[in-house]
>>> print(open('final.txt').read())   # compact mmCIF, C-alpha atoms
# COMPACT_ATOMS: atom_id res chain seq x y z
CA MET A 1 19.36 -17.27 24.54
CA CYS A 2 16.65 -18.46 26.87
CA THR A 3 16.53 -21.98 28.26
CA LEU A 4 13.16 -23.66 28.73
CA ASN A 5 12.27 -26.87 30.52
CA VAL A 6 9.83 -28.87 28.42
CA LYS A 7 8.21 -32.15 29.42
CA MET A 8 7.82 -34.71 26.66
CA ASP A 9 6.29 -38.18 26.56
CA ASP A 10 9.10 -40.72 27.05
CA GLN A 11 7.70 -43.08 24.43
CA VAL A 12 7.64 -40.36 21.79
CA VAL A 13 11.18 -39.21 22.63
CA ASN A 14 12.47 -42.79 22.46
CA ARG A 15 10.86 -43.24 19.04
CA MET A 16 12.46 -40.00 17.84
CA LYS A 17 15.97 -40.76 19.11
CA SER A 18 16.51 -43.43 16.47
CA LEU A 19 15.73 -40.91 13.73
CA PHE A 20 18.64 -38.60 14.63
CA ASP A 21 22.39 -38.88 14.77
CA GLY A 22 22.60 -38.41 18.52
CA GLU A 23 20.75 -36.50 21.19
CA LYS A 24 22.34 -33.16 20.28
CA ALA A 25 21.01 -33.41 16.73
CA MET A 26 17.54 -34.17 18.05
CA ASN A 27 17.74 -31.21 20.48
CA ARG A 28 18.74 -28.88 17.65
CA TRP A 29 15.80 -30.10 15.58
CA ILE A 30 13.39 -29.63 18.51
CA GLU A 31 14.74 -26.10 19.09
CA THR A 32 14.32 -25.24 15.40
CA VAL A 33 10.77 -26.58 15.19
CA LEU A 34 9.72 -25.02 18.49
CA HIS A 35 11.25 -21.66 17.51
CA LYS A 36 9.35 -21.65 14.22
CA ALA A 37 6.08 -22.59 15.95
CA MET A 38 6.53 -19.87 18.58
CA VAL A 39 7.26 -17.19 15.96
CA GLU A 40 4.18 -18.18 13.94
CA TYR A 41 2.01 -18.25 17.06
CA ALA A 42 3.24 -14.80 18.18
CA ASP A 43 2.71 -13.36 14.68
CA GLU A 44 -0.87 -14.67 14.56
CA ALA A 45 -1.66 -13.43 18.07
CA GLU A 46 -0.26 -9.98 17.31
CA ALA A 47 -2.17 -9.80 14.02
CA LYS A 48 -5.43 -10.74 15.80
CA ALA A 49 -4.81 -8.11 18.48
CA LYS A 50 -4.06 -5.46 15.85
CA LYS A 51 -7.19 -6.40 13.90
CA GLY A 52 -9.24 -6.12 17.09
CA ILE A 53 -7.87 -2.66 17.83
CA GLU A 54 -8.49 -1.54 14.24
CA SER A 55 -12.05 -2.88 14.39
CA GLU A 56 -12.70 -1.00 17.63
CA MET A 57 -11.33 2.23 16.17
CA PHE A 58 -13.46 1.76 13.04
CA LEU A 59 -16.63 1.22 15.07
CA GLU A 60 -15.87 4.24 17.27
CA ARG A 61 -15.36 6.47 14.23
CA LEU A 62 -18.53 5.13 12.62
CA ALA A 63 -20.57 5.69 15.80
CA ALA A 64 -19.28 9.27 16.03
CA LEU A 65 -20.81 10.21 12.66
CA LYS A 66 -24.00 12.20 12.67
CA ASN A 67 -27.09 10.48 11.35
CA ASP A 68 -27.53 12.87 8.42
CA SER A 69 -26.25 13.40 4.89
CA GLU A 70 -23.01 14.97 6.15
CA GLY A 71 -22.29 11.89 8.21
CA PHE A 72 -23.02 9.68 5.24
CA PHE A 73 -20.52 11.51 3.03
CA LYS A 74 -17.84 11.40 5.76
CA MET A 75 -18.03 7.61 5.72
CA GLY A 76 -15.73 7.60 2.69
CA GLY A 77 -12.85 8.70 4.90
CA ILE A 78 -13.53 5.86 7.30
CA PHE A 79 -13.84 3.10 4.72
CA GLY A 80 -10.65 4.13 2.96
CA LYS A 81 -9.77 4.99 -0.61
CA VAL A 82 -11.82 3.44 -3.38
CA SER A 83 -9.79 1.26 -5.72
CA ASP A 84 -8.84 2.65 -9.13
CA ASP A 85 -11.00 0.12 -10.98
CA PHE A 86 -14.13 0.88 -8.91
CA SER A 87 -17.25 1.64 -10.95
CA TRP A 88 -20.58 2.89 -9.59
CA ASP A 89 -22.25 1.50 -12.72
CA GLU A 90 -20.90 -1.98 -12.03
CA LEU A 91 -21.97 -1.76 -8.40
CA ARG A 92 -25.48 -0.67 -9.47
CA GLU A 93 -25.71 -3.49 -12.03
CA GLU A 94 -24.60 -6.06 -9.46
CA ALA A 95 -27.22 -4.80 -7.01
CA MET A 96 -29.95 -4.94 -9.65
CA LEU A 97 -28.94 -8.46 -10.64
CA GLU A 98 -28.79 -9.59 -7.03
CA LYS A 99 -32.10 -8.01 -6.01
CA TYR A 100 -34.22 -8.32 -9.16
CA GLY A 101 -32.37 -10.87 -11.28
CA ILE A 102 -31.95 -8.44 -14.18
>>> encode(input="final.txt", output="structure tokens")
Amino acid sequence: MCTLNVKMDDQVVNRMKSLFDGEKAMNRWIETVLHKAMVEYADEAEAKAKKGIESEMFLERLAALKNDSEGFFKMGGIFGKVSDDFSWDELREEAMLEKYGI
């Protein structure tokens, strides 16, 4: 276990003391809340870092494609597997509706 020194506003701590059955109970609560906040913060930071790395890799792979029909068809491997319920007809209809309103 790691021990941290944390500075808190005296007025806030004094208000909180009356809500707990002793200082030890309040310290346990603070430790629990701070632990949860730190885990959530670390998870979010790691997820953002991973997303950034994945985005970089995606852009590098996309930039490496040749600007021709072969490169276009290789894009499928970069964008991932198409879902089972994907339909070119639906995609075409959506595009027509969006562009021409029909």
>>> atom_distance(input="final.txt", atom1="CA of Leu4 (chain A)", atom2="CA of His35 (chain A)")
11.6 Å
>>> atom_distance(input="final.txt", atom1="CA of Lys50 (chain A)", atom2="CA of Ser83 (chain A)")
23.3 Å
>>> atom_distance(input="final.txt", atom1="CA of Thr32 (chain A)", atom2="CA of Lys17 (chain A)")
16.0 Å
>>> closest_residue(input="final.txt", among="A:Ser18, A:Glu31, A:Met26, A:Ser87", to="Asn5 (chain A)", atoms="all atoms listed in the file")
A:Glu31
